[in-house]
file protein_32.pdb (PDB, C-alpha atoms)
ATOM      1  CA  MET A1431      41.119 -20.753  51.825
ATOM      2  CA  CYS A1432      41.955 -23.718  49.627
ATOM      3  CA  PRO A1433      39.906 -26.732  50.794
ATOM      4  CA  PRO A1434      41.836 -29.681  52.276
ATOM      5  CA  GLY A1435      43.288 -31.824  49.544
ATOM      6  CA  CYS A1436      43.049 -29.379  46.641
ATOM      7  CA  LEU A1437      46.737 -28.433  46.490
ATOM      8  CA  GLU A1438      47.789 -31.971  47.380
ATOM      9  CA  THR A1439      45.963 -33.157  44.271
ATOM     10  CA  ILE A1440      47.822 -30.642  42.133
ATOM     11  CA  CYS A1441      51.168 -31.434  43.707
ATOM     12  CA  ARG A1442      50.840 -35.130  42.882
ATOM     13  CA  HIS A1443      51.133 -34.008  39.257
ATOM     14  CA  VAL A1444      54.056 -31.644  39.841
ATOM     15  CA  THR A1445      57.661 -32.497  40.630
ATOM     16  CA  ARG A1446      60.132 -29.767  41.628
ATOM     17  CA  ARG A1447      62.824 -29.516  38.945
ATOM     18  CA  GLY A1448      60.746 -32.000  36.959
ATOM     19  CA  VAL A1449      58.052 -32.074  34.345
ATOM     20  CA  LEU A1450      54.837 -30.200  35.196
ATOM     21  CA  LYS A1451      51.859 -32.348  34.278
ATOM     22  CA  GLY A1452      48.107 -31.901  34.245
ATOM     23  CA  GLY A1453      47.055 -28.297  33.658
ATOM     24  CA  ILE A1454      50.596 -27.090  32.922
ATOM     25  CA  ALA A1455      51.952 -29.638  30.458
ATOM     26  CA  MET A1456      51.914 -33.287  29.454
ATOM     27  CA  ALA A1457      54.914 -35.349  28.512
ATOM     28  CA  ALA A1458      54.613 -37.143  25.186
ATOM     29  CA  ALA A1459      53.385 -40.697  25.717
ATOM     30  CA  SER A1460      55.387 -41.964  22.781
ATOM     31  CA  ALA A1461      58.231 -40.818  20.590
ATOM     32  CA  VAL A1462      56.318 -42.079  17.536
ATOM     33  CA  PRO A1463      53.787 -39.565  16.198
ATOM     34  CA  VAL A1464      50.239 -40.777  15.606
ATOM     35  CA  ALA A1465      48.614 -39.722  12.371
ATOM     36  CA  GLY A1466      45.925 -37.108  12.946
ATOM     37  CA  ALA A1467      46.740 -36.722  16.644
ATOM     38  CA  ALA A1468      47.376 -33.303  18.144
ATOM     39  CA  ALA A1469      50.960 -32.563  19.091
ATOM     40  CA  ALA A1470      51.666 -32.955  22.797
ATOM     41  CA  PRO A1471      52.346 -29.685  24.656
ATOM     42  CA  ALA A1472      55.983 -28.967  25.359
ATOM     43  CA  ALA A1473      57.203 -30.183  28.756
ATOM     44  CA  ARG A1474      57.956 -27.467  31.291
ATOM     45  CA  SER A1475      59.854 -27.402  34.581
ATOM     46  CA  PHE A1476      60.229 -25.149  37.587
ATOM     47  CA  THR A1477      62.829 -24.634  40.286
ATOM     48  CA  ASP A1478      60.956 -22.438  42.783
ATOM     49  CA  VAL A1479      57.465 -21.995  44.238
ATOM     50  CA  GLN A1480      56.468 -18.489  45.324
ATOM     51  CA  ASP A1481      53.436 -17.730  47.477
ATOM     52  CA  LEU A1482      51.329 -14.894  46.047
ATOM     53  CA  THR A1483      48.863 -14.976  48.962
ATOM     54  CA  HIS A1484      48.436 -12.474  51.785
ATOM     55  CA  PRO A1485      47.568 -14.042  55.152
ATOM     56  CA  LEU A1486      43.900 -13.364  55.887
ATOM     57  CA  PHE A1487      43.246 -11.627  59.217
ATOM     58  CA  GLU A1488      40.513  -9.731  61.022
ATOM     59  CA  GLY A1489      40.669  -6.196  59.729
ATOM     60  CA  PHE A1490      41.985  -7.115  56.263
ATOM     61  CA  PRO A1491      41.402  -3.925  54.234
ATOM     62  CA  THR A1492      38.142  -3.307  52.401
ATOM     63  CA  PHE A1493      37.151  -0.304  50.297
ATOM     64  CA  ASP A1494      34.731   1.082  52.891
ATOM     65  CA  GLY A1495      36.552  -0.119  55.992
ATOM     66  CA  SER A1496      33.884  -2.628  57.022
ATOM     67  CA  LYS A1497      34.888  -5.949  58.579
ATOM     68  CA  TRP A1498      34.609  -8.835  56.115
ATOM     69  CA  PHE A1499      36.382 -11.564  58.094
ATOM     70  CA  ALA A1500      36.103 -12.738  61.697
ATOM     71  CA  MET A1501      37.500 -15.796  63.460
ATOM     72  CA  GLU A1502      36.439 -17.142  66.855
ATOM     73  CA  PRO A1503      37.594 -20.220  68.762
ATOM     74  CA  VAL A1504      35.135 -23.106  69.079
ATOM     75  CA  PHE A1505      37.465 -25.738  70.549
ATOM     76  CA  ARG A1506      40.867 -25.220  72.155
ATOM     77  CA  TYR A1507      43.549 -27.803  72.801
ATOM     78  CA  ALA A1508      44.013 -27.018  76.488
ATOM     79  CA  LYS A1509      40.396 -27.854  77.210
ATOM     80  CA  ASP A1510      39.190 -29.990  74.282
ATOM     81  CA  ARG A1511      42.381 -31.667  73.054
ATOM     82  CA  LEU A1512      41.886 -30.129  69.590
ATOM     83  CA  ASN A1513      41.724 -26.702  67.966
ATOM     84  CA  ILE A1514      38.853 -25.549  65.723
ATOM     85  CA  ASN A1515      37.903 -21.979  64.786
ATOM     86  CA  ARG A1516      34.688 -20.639  63.305
ATOM     87  CA  TRP A1517      35.131 -18.300  60.328
ATOM     88  CA  THR A1518      32.610 -15.673  59.284
ATOM     89  CA  LEU A1519      33.491 -14.008  56.007
ATOM     90  CA  MET A1520      32.385 -12.391  52.793
ATOM     91  CA  GLU A1521      33.496 -14.400  49.765
ATOM     92  CA  HIS A1522      35.531 -11.546  48.310
ATOM     93  CA  THR A1523      38.028 -10.757  51.031
ATOM     94  CA  GLY A1524      41.762 -11.262  51.354
ATOM     95  CA  THR A1525      43.614 -12.763  48.406
ATOM     96  CA  HIS A1526      40.648 -14.190  46.544
ATOM     97  CA  MET A1527      39.255 -15.183  43.185
ATOM     98  CA  ASP A1528      36.258 -13.866  41.248
ATOM     99  CA  ALA A1529      34.217 -16.471  39.413
ATOM    100  CA  PRO A1530      32.124 -15.533  36.343
ATOM    101  CA  LEU A1531      28.969 -15.782  38.504
ATOM    102  CA  HIS A1532      30.181 -12.843  40.602
ATOM    103  CA  PHE A1533      29.081 -10.297  37.968
ATOM    104  CA  SER A1534      26.643 -12.247  35.801
ATOM    105  CA  ALA A1535      23.215 -13.827  36.103
ATOM    106  CA  ASP A1536      24.197 -17.353  35.131
ATOM    107  CA  GLY A1537      27.980 -17.582  34.826
ATOM    108  CA  ARG A1538      30.054 -20.411  36.238
ATOM    109  CA  SER A1539      30.376 -20.586  39.995
ATOM    110  CA  VAL A1540      33.734 -21.386  41.589
ATOM    111  CA  ASP A1541      33.026 -25.116  41.698
ATOM    112  CA  GLU A1542      32.225 -25.175  37.969
ATOM    113  CA  ILE A1543      35.500 -23.692  36.681
ATOM    114  CA  PRO A1544      37.542 -26.476  35.027
ATOM    115  CA  VAL A1545      40.642 -27.184  37.109
ATOM    116  CA  ALA A1546      42.812 -27.030  33.963
ATOM    117  CA  ASP A1547      41.816 -23.343  33.681
ATOM    118  CA  LEU A1548      43.350 -22.663  37.105
ATOM    119  CA  VAL A1549      46.923 -23.709  36.239
ATOM    120  CA  VAL A1550      48.082 -21.322  33.524
ATOM    121  CA  PRO A1551      51.071 -19.405  32.148
ATOM    122  CA  LEU A1552      51.694 -16.088  33.865
ATOM    123  CA  ALA A1553      52.452 -12.683  32.344
ATOM    124  CA  VAL A1554      53.309  -9.866  34.772
ATOM    125  CA  ILE A1555      52.731  -6.241  33.713
ATOM    126  CA  ASP A1556      54.691  -3.907  35.998
ATOM    127  CA  ILE A1557      53.203  -0.403  36.322
ATOM    128  CA  SER A1558      54.538   0.176  39.849
ATOM    129  CA  GLN A1559      56.735   3.142  39.011
ATOM    130  CA  ARG A1560      53.866   4.987  37.324
ATOM    131  CA  ALA A1561      51.353   4.027  40.026
ATOM    132  CA  GLN A1562      53.618   5.309  42.785
ATOM    133  CA  ASP A1563      53.021   8.844  41.518
ATOM    134  CA  ASP A1564      49.464   8.307  40.253
ATOM    135  CA  PRO A1565      47.268   5.857  42.210
ATOM    136  CA  ASP A1566      44.608   6.140  39.498
ATOM    137  CA  SER A1567      46.953   4.514  36.962
ATOM    138  CA  ALA A1568      45.563   1.675  34.853
ATOM    139  CA  VAL A1569      46.961  -1.198  32.821
ATOM    140  CA  THR A1570      46.343   0.083  29.295
ATOM    141  CA  PRO A1571      46.446  -1.566  25.859
ATOM    142  CA  ASP A1572      49.779   0.199  25.324
ATOM    143  CA  ASP A1573      51.162  -1.609  28.410
ATOM    144  CA  ILE A1574      50.178  -4.932  26.852
ATOM    145  CA  LYS A1575      51.824  -4.000  23.565
ATOM    146  CA  ARG A1576      55.015  -2.851  25.302
ATOM    147  CA  TRP A1577      55.133  -6.149  27.225
ATOM    148  CA  GLU A1578      54.779  -8.096  23.980
ATOM    149  CA  ALA A1579      57.441  -6.009  22.246
ATOM    150  CA  ALA A1580      59.867  -7.031  25.008
ATOM    151  CA  ASN A1581      58.710 -10.608  25.667
ATOM    152  CA  GLY A1582      56.856 -11.873  22.614
ATOM    153  CA  PRO A1583      53.121 -12.615  22.326
ATOM    154  CA  LEU A1584      51.141 -13.282  25.485
ATOM    155  CA  PRO A1585      51.157 -17.052  26.154
ATOM    156  CA  GLU A1586      48.061 -18.928  25.056
ATOM    157  CA  GLY A1587      45.555 -19.335  27.881
ATOM    158  CA  CYS A1588      47.560 -17.213  30.313
ATOM    159  CA  CYS A1589      46.734 -15.029  33.294
ATOM    160  CA  VAL A1590      47.795 -11.384  32.950
ATOM    161  CA  VAL A1591      48.717  -9.901  36.348
ATOM    162  CA  MET A1592      49.179  -6.242  37.218
ATOM    163  CA  ASN A1593      52.033  -5.384  39.570
ATOM    164  CA  SER A1594      51.225  -1.882  40.776
ATOM    165  CA  GLY A1595      53.326  -2.124  43.929
ATOM    166  CA  TRP A1596      50.146  -2.119  46.030
ATOM    167  CA  HIS A1597      50.997  -5.534  47.479
ATOM    168  CA  ARG A1598      53.640  -3.721  49.560
ATOM    169  CA  LEU A1599      51.038  -1.312  51.011
ATOM    170  CA  LEU A1600      48.684  -3.781  52.704
ATOM    171  CA  HIS A1601      49.114  -2.360  56.197
ATOM    172  CA  THR A1602      48.824   1.287  55.138
ATOM    173  CA  PRO A1603      45.776   3.511  54.429
ATOM    174  CA  ARG A1604      46.913   3.802  50.820
ATOM    175  CA  PHE A1605      45.988   0.161  50.149
ATOM    176  CA  ALA A1606      42.273   1.041  50.131
ATOM    177  CA  GLY A1607      43.024   4.556  48.936
ATOM    178  CA  ARG A1608      39.874   6.110  50.380
ATOM    179  CA  ASP A1609      39.838   9.929  50.278
ATOM    180  CA  GLU A1610      37.799  12.387  52.328
ATOM    181  CA  ALA A1611      35.009  12.305  49.746
ATOM    182  CA  GLY A1612      34.751   8.522  50.033
ATOM    183  CA  ARG A1613      36.331   7.778  46.646
ATOM    184  CA  ASN A1614      38.997   5.106  46.309
ATOM    185  CA  HIS A1615      42.264   5.668  44.488
ATOM    186  CA  THR A1616      43.889   2.359  43.545
ATOM    187  CA  PRO A1617      45.255   1.037  40.244
ATOM    188  CA  GLY A1618      43.492  -1.564  38.113
ATOM    189  CA  PHE A1619      42.809  -2.668  34.558
ATOM    190  CA  HIS A1620      41.364  -0.231  32.028
ATOM    191  CA  GLY A1621      38.152  -1.326  30.322
ATOM    192  CA  GLU A1622      39.805  -1.084  26.899
ATOM    193  CA  THR A1623      42.527  -3.450  28.066
ATOM    194  CA  ALA A1624      39.971  -6.029  29.169
ATOM    195  CA  HIS A1625      38.332  -5.739  25.757
ATOM    196  CA  LEU A1626      41.678  -6.247  23.996
ATOM    197  CA  LEU A1627      42.483  -9.341  26.065
ATOM    198  CA  MET A1628      39.012 -10.799  25.415
ATOM    199  CA  THR A1629      38.855 -10.163  21.677
ATOM    200  CA  GLU A1630      42.434 -10.218  20.398
ATOM    201  CA  ARG A1631      44.262 -12.528  22.818
ATOM    202  CA  ASN A1632      43.583 -15.920  24.414
ATOM    203  CA  VAL A1633      43.641 -15.037  28.119
ATOM    204  CA  LYS A1634      41.847 -17.044  30.834
ATOM    205  CA  GLY A1635      42.306 -14.759  33.814
ATOM    206  CA  ILE A1636      43.521 -11.396  35.037
ATOM    207  CA  GLY A1637      44.961 -10.577  38.436
ATOM    208  CA  VAL A1638      45.782  -7.528  40.535
ATOM    209  CA  ASP A1639      47.588  -6.702  43.769
ATOM    210  CA  THR A1640      44.796  -4.280  44.717
ATOM    211  CA  LEU A1641      41.261  -4.726  46.045
ATOM    212  CA  SER A1642      39.645  -4.682  42.606
ATOM    213  CA  LEU A1643      40.212  -5.627  38.970
ATOM    214  CA  ASP A1644      38.807  -2.179  38.228
ATOM    215  CA  LEU A1645      40.329   1.144  39.138
ATOM    216  CA  GLY A1646      39.283   2.207  42.619
ATOM    217  CA  ILE A1647      37.560   5.285  41.198
ATOM    218  CA  GLU A1648      35.347   2.924  39.148
ATOM    219  CA  THR A1649      33.872   1.367  42.313
ATOM    220  CA  GLY A1650      30.129   1.157  41.754
ATOM    221  CA  ARG A1651      30.423   1.105  37.961
ATOM    222  CA  PHE A1652      32.889  -1.809  37.655
ATOM    223  CA  PRO A1653      33.317  -1.783  33.850
ATOM    224  CA  VAL A1654      36.021  -4.486  33.882
ATOM    225  CA  HIS A1655      34.066  -6.767  36.215
ATOM    226  CA  TYR A1656      30.930  -6.389  34.072
ATOM    227  CA  SER A1657      32.725  -7.247  30.837
ATOM    228  CA  TRP A1658      35.434  -9.710  31.893
ATOM    229  CA  LEU A1659      33.580 -12.040  34.246
ATOM    230  CA  PRO A1660      30.398 -12.542  32.156
ATOM    231  CA  SER A1661      32.671 -13.645  29.285
ATOM    232  CA  GLY A1662      33.420 -16.823  31.285
ATOM    233  CA  ARG A1663      36.831 -15.733  32.499
ATOM    234  CA  TRP A1664      38.037 -15.378  36.101
ATOM    235  CA  GLY A1665      39.903 -12.793  38.132
ATOM    236  CA  VAL A1666      42.092 -12.835  41.230
ATOM    237  CA  GLU A1667      42.560  -9.873  43.577
ATOM    238  CA  CYS A1668      44.883  -8.806  46.419
ATOM    239  CA  LEU A1669      47.881 -10.766  45.173
ATOM    240  CA  ALA A1670      51.118 -10.623  47.186
ATOM    241  CA  ASN A1671      54.874 -10.872  46.562
ATOM    242  CA  LEU A1672      54.802  -9.925  42.894
ATOM    243  CA  ASP A1673      58.214  -8.247  42.838
ATOM    244  CA  GLY A1674      60.015 -11.598  42.799
ATOM    245  CA  LEU A1675      58.301 -12.802  39.622
ATOM    246  CA  PRO A1676      59.742 -12.666  36.110
ATOM    247  CA  ALA A1677      57.721 -10.832  33.468
ATOM    248  CA  LYS A1678      57.297 -14.141  31.617
ATOM    249  CA  GLY A1679      58.016 -17.822  32.075
ATOM    250  CA  ALA A1680      56.236 -18.592  35.361
ATOM    251  CA  HIS A1681      52.960 -20.477  35.821
ATOM    252  CA  LEU A1682      50.112 -19.535  38.131
ATOM    253  CA  VAL A1683      48.295 -22.079  40.306
ATOM    254  CA  LEU A1684      44.989 -20.659  41.564
ATOM    255  CA  GLY A1685      43.838 -22.807  44.486
ATOM    256  CA  GLY A1686      40.340 -21.405  44.839
ATOM    257  CA  PRO A1687      37.582 -22.800  47.045
ATOM    258  CA  LYS A1688      35.267 -25.457  45.632
ATOM    259  CA  VAL A1689      31.991 -24.251  47.107
ATOM    260  CA  LYS A1690      28.826 -25.134  45.232
ATOM    261  CA  GLY A1691      27.279 -21.945  43.926
ATOM    262  CA  GLY A1692      30.126 -19.756  45.224
ATOM    263  CA  THR A1693      30.868 -16.480  43.438
ATOM    264  CA  GLY A1694      34.476 -16.468  44.612
ATOM    265  CA  GLY A1695      36.429 -16.946  47.764
ATOM    266  CA  PRO A1696      39.714 -16.636  49.635
ATOM    267  CA  SER A1697      42.344 -18.555  47.655
ATOM    268  CA  ARG A1698      45.894 -19.839  47.988
ATOM    269  CA  VAL A1699      47.751 -18.604  44.921
ATOM    270  CA  LEU A1700      51.148 -19.977  43.895
ATOM    271  CA  ALA A1701      53.645 -19.146  41.173
ATOM    272  CA  LEU A1702      55.833 -21.903  39.756
ATOM    273  CA  VAL A1703      59.025 -20.244  38.529
TER     274      VAL A1703
END

call {"tool": "encode", "arguments": {"input": "protein_32.pdb", "output": "structure tokens"}}
result
Amino acid sequence: MCPPGCLETICRHVTRRGVLKGGIAMAAASAVPVAGAAAAPAARSFTDVQDLTHPLFEGFPTFDGSKWFAMEPVFRYAKDRLNINRWTLMEHTGTHMDAPLHFSADGRSVDEIPVADLVVPLAVIDISQRAQDDPDSAVTPDDIKRWEAANGPLPEGCCVVMNSGWHRLLHTPRFAGRDEAGRNHTPGFHGETAHLLMTERNVKGIGVDTLSLDLGIETGRFPVHYSWLPSGRWGVECLANLDGLPAKGAHLVLGGPKVKGGTGGPSRVLALV
């Protein structure tokens, strides 16, 4: 999860009902413009913090049903006067981020992603009604265009998140969507949509409430992973509690692990609304 101190560092720059600083916005240092200086970003505020993170537990779903997280006690208070557990995990389990290195030979690892790229505007694309009937539904370029027709252009440097309704299915077999033939049926981003967001929009990350940025039926091929991550952008998977978010106007805080050489890792993800 988020290392000790990472969110505390962010929160020192954020005041509830106040101006968001650092990666979200900066207040103008002076009312007098300086010739040749770039205009200061507009100040922003928030009134609520929503947790987009599923609790990680032994048996958290994976595509093939294998166990990717285990926790065992090392010290217990009754005997040792302190509690410490040992975790054994794969990097990409639970609510977690994908760093560019995950699907590239020499992309940035999690510790190399600039922190300003992890606090970004949020755009939520809701395909939950369609996905309820068709688990192989994808976020398409037309979904992006419909969102923009209703909400205006995607914010500069944003994260585009798919709400397929899968965050409500965590404790059901449908979350992994594995059929009798071993194929997975879960929503994700279409490859053409990733291409659009890379070439025609300024987007830093994409997120899903499923196990993969790609459609489940693309497991093994991973066209979105192989195009999006090598471009230097990040992804976040298994997001929770998306129904309470507005389509636009919120900011995402991605509290990923800072592990040298890490390709990703369980993350605490917040929305500032």

call {"tool": "residues_around", "arguments": {"input": "protein_32.pdb", "residues": "Val1550 of chain A", "least_positions_apart": "3", "cutoff": "12 Å", "atoms": "all atoms listed in the file", "output": "PyMOL selection string"}}
result
chain A and resi 1450-1455+1474+1544-1547+1553+1584-1591+1632-1636+1664+1678-1685+1699-1702

call {"tool": "residues_around", "arguments": {"input": "protein_32.pdb", "residues": "Ser1594 of chain A", "least_positions_apart": "2", "cutoff": "12 Å", "atoms": "all atoms listed in the file", "output": "PDB file with C-alpha atoms, in the coordinates of the input"}}
result
ATOM      1  CA  VAL A1554      53.309  -9.866  34.772  1.00  0.00           C
ATOM      2  CA  ILE A1555      52.731  -6.241  33.713  1.00  0.00           C
ATOM      3  CA  ASP A1556      54.691  -3.907  35.998  1.00  0.00           C
ATOM      4  CA  ILE A1557      53.203  -0.403  36.322  1.00  0.00           C
ATOM      5  CA  SER A1558      54.538   0.176  39.849  1.00  0.00           C
ATOM      6  CA  GLN A1559      56.735   3.142  39.011  1.00  0.00           C
ATOM      7  CA  ARG A1560      53.866   4.987  37.324  1.00  0.00           C
ATOM      8  CA  ALA A1561      51.353   4.027  40.026  1.00  0.00           C
ATOM      9  CA  GLN A1562      53.618   5.309  42.785  1.00  0.00           C
ATOM     10  CA  ASP A1563      53.021   8.844  41.518  1.00  0.00           C
ATOM     11  CA  ASP A1564      49.464   8.307  40.253  1.00  0.00           C
ATOM     12  CA  PRO A1565      47.268   5.857  42.210  1.00  0.00           C
ATOM     13  CA  ASP A1566      44.608   6.140  39.498  1.00  0.00           C
ATOM     14  CA  SER A1567      46.953   4.514  36.962  1.00  0.00           C
ATOM     15  CA  ALA A1568      45.563   1.675  34.853  1.00  0.00           C
ATOM     16  CA  VAL A1569      46.961  -1.198  32.821  1.00  0.00           C
ATOM     17  CA  VAL A1591      48.717  -9.901  36.348  1.00  0.00           C
ATOM     18  CA  MET A1592      49.179  -6.242  37.218  1.00  0.00           C
ATOM     19  CA  TRP A1596      50.146  -2.119  46.030  1.00  0.00           C
ATOM     20  CA  HIS A1597      50.997  -5.534  47.479  1.00  0.00           C
ATOM     21  CA  ARG A1598      53.640  -3.721  49.560  1.00  0.00           C
ATOM     22  CA  LEU A1599      51.038  -1.312  51.011  1.00  0.00           C
ATOM     23  CA  PHE A1605      45.988   0.161  50.149  1.00  0.00           C
ATOM     24  CA  THR A1616      43.889   2.359  43.545  1.00  0.00           C
ATOM     25  CA  PRO A1617      45.255   1.037  40.244  1.00  0.00           C
ATOM     26  CA  GLY A1618      43.492  -1.564  38.113  1.00  0.00           C
ATOM     27  CA  PHE A1619      42.809  -2.668  34.558  1.00  0.00           C
ATOM     28  CA  GLY A1637      44.961 -10.577  38.436  1.00  0.00           C
ATOM     29  CA  VAL A1638      45.782  -7.528  40.535  1.00  0.00           C
ATOM     30  CA  ASP A1639      47.588  -6.702  43.769  1.00  0.00           C
ATOM     31  CA  THR A1640      44.796  -4.280  44.717  1.00  0.00           C
ATOM     32  CA  LEU A1641      41.261  -4.726  46.045  1.00  0.00           C
ATOM     33  CA  LEU A1643      40.212  -5.627  38.970  1.00  0.00           C
ATOM     34  CA  LEU A1645      40.329   1.144  39.138  1.00  0.00           C
ATOM     35  CA  CYS A1668      44.883  -8.806  46.419  1.00  0.00           C
ATOM     36  CA  LEU A1669      47.881 -10.766  45.173  1.00  0.00           C
ATOM     37  CA  ALA A1670      51.118 -10.623  47.186  1.00  0.00           C
ATOM     38  CA  ASN A1671      54.874 -10.872  46.562  1.00  0.00           C
ATOM     39  CA  LEU A1672      54.802  -9.925  42.894  1.00  0.00           C
ATOM     40  CA  ASP A1673      58.214  -8.247  42.838  1.00  0.00           C
TER      41      ASP A1673
END

call {"tool": "atom_distance", "arguments": {"input": "protein_32.pdb", "atom1": "atom CA of Arg1663 of chain A", "atom2": "atom CA of Pro1485 of chain A"}}
result
25.1 Å

call {"tool": "closest_residue", "arguments": {"input": "protein_32.pdb", "among": "A:Asn1614, A:Leu1548, A:Ala1677, A:His1620", "to": "Asp1572 of chain A", "atoms": "all atoms listed in the file"}}
result
A:His1620

call {"tool": "residues_around", "arguments": {"input": "protein_32.pdb", "residues": "Val1654 of chain A", "least_positions_apart": "4", "cutoff": "7 Å", "atoms": "all atoms listed in the file", "output": "mmCIF file with C-alpha atoms, in the coordinates of the input"}}
result
data_model
loop_
_atom_site.group_PDB
_atom_site.id
_atom_site.type_symbol
_atom_site.label_atom_id
_atom_site.label_comp_id
_atom_site.auth_asym_id
_atom_site.auth_seq_id
_atom_site.Cartn_x
_atom_site.Cartn_y
_atom_site.Cartn_z
ATOM 1 C CA GLY A 1621 38.152 -1.326 30.322
ATOM 2 C CA ALA A 1624 39.971 -6.029 29.169
ATOM 3 C CA LEU A 1643 40.212 -5.627 38.970
ATOM 4 C CA ASP A 1644 38.807 -2.179 38.228
ATOM 5 C CA TRP A 1658 35.434 -9.710 31.893
#

call {"tool": "resolve_selection", "arguments": {"input": "protein_32.pdb", "expression": "the PyMOL selection byres ((chain A and resi 1689) around 12)", "output": "JSON, numbers by chain"}}
result
{"A": [1431, 1432, 1433, 1521, 1529, 1538, 1539, 1540, 1541, 1542, 1543, 1686, 1687, 1688, 1690, 1691, 1692, 1693, 1694, 1695, 1696, 1697]}

call {"tool": "decode", "arguments": {"input": "protein_32.pdb", "residues": "segment 1545-1564 of chain A", "atoms": "C-alpha atoms", "output": "JSON list (two decimals), in the first residue's frame"}}
result
[["chain", "number", "residue", "atom", "x", "y", "z"],
["A", 1545, "VAL", "CA", 4.72, 13.04, -8.11],
["A", 1546, "ALA", "CA", 2.99, 15.91, -9.97],
["A", 1547, "ASP", "CA", 1.79, 13.30, -12.50],
["A", 1548, "LEU", "CA", -0.04, 11.43, -9.73],
["A", 1549, "VAL", "CA", -2.38, 14.28, -8.71],
["A", 1550, "VAL", "CA", -4.53, 15.00, -11.76],
["A", 1551, "PRO", "CA", -8.00, 16.02, -12.94],
["A", 1552, "LEU", "CA", -10.45, 13.14, -13.20],
["A", 1553, "ALA", "CA", -12.88, 12.29, -16.00],
["A", 1554, "VAL", "CA", -15.28, 9.39, -15.37],
["A", 1555, "ILE", "CA", -16.75, 7.50, -18.35],
["A", 1556, "ASP", "CA", -19.79, 5.50, -17.22],
["A", 1557, "ILE", "CA", -20.51, 2.40, -19.34],
["A", 1558, "SER", "CA", -22.12, 0.44, -16.49],
["A", 1559, "GLN", "CA", -25.55, 0.10, -18.07],
["A", 1560, "ARG", "CA", -24.10, -1.32, -21.28],
["A", 1561, "ALA", "CA", -21.61, -3.56, -19.44],
["A", 1562, "GLN", "CA", -24.35, -5.06, -17.28],
["A", 1563, "ASP", "CA", -25.75, -6.77, -20.38],
["A", 1564, "ASP", "CA", -22.43, -7.27, -22.19]]
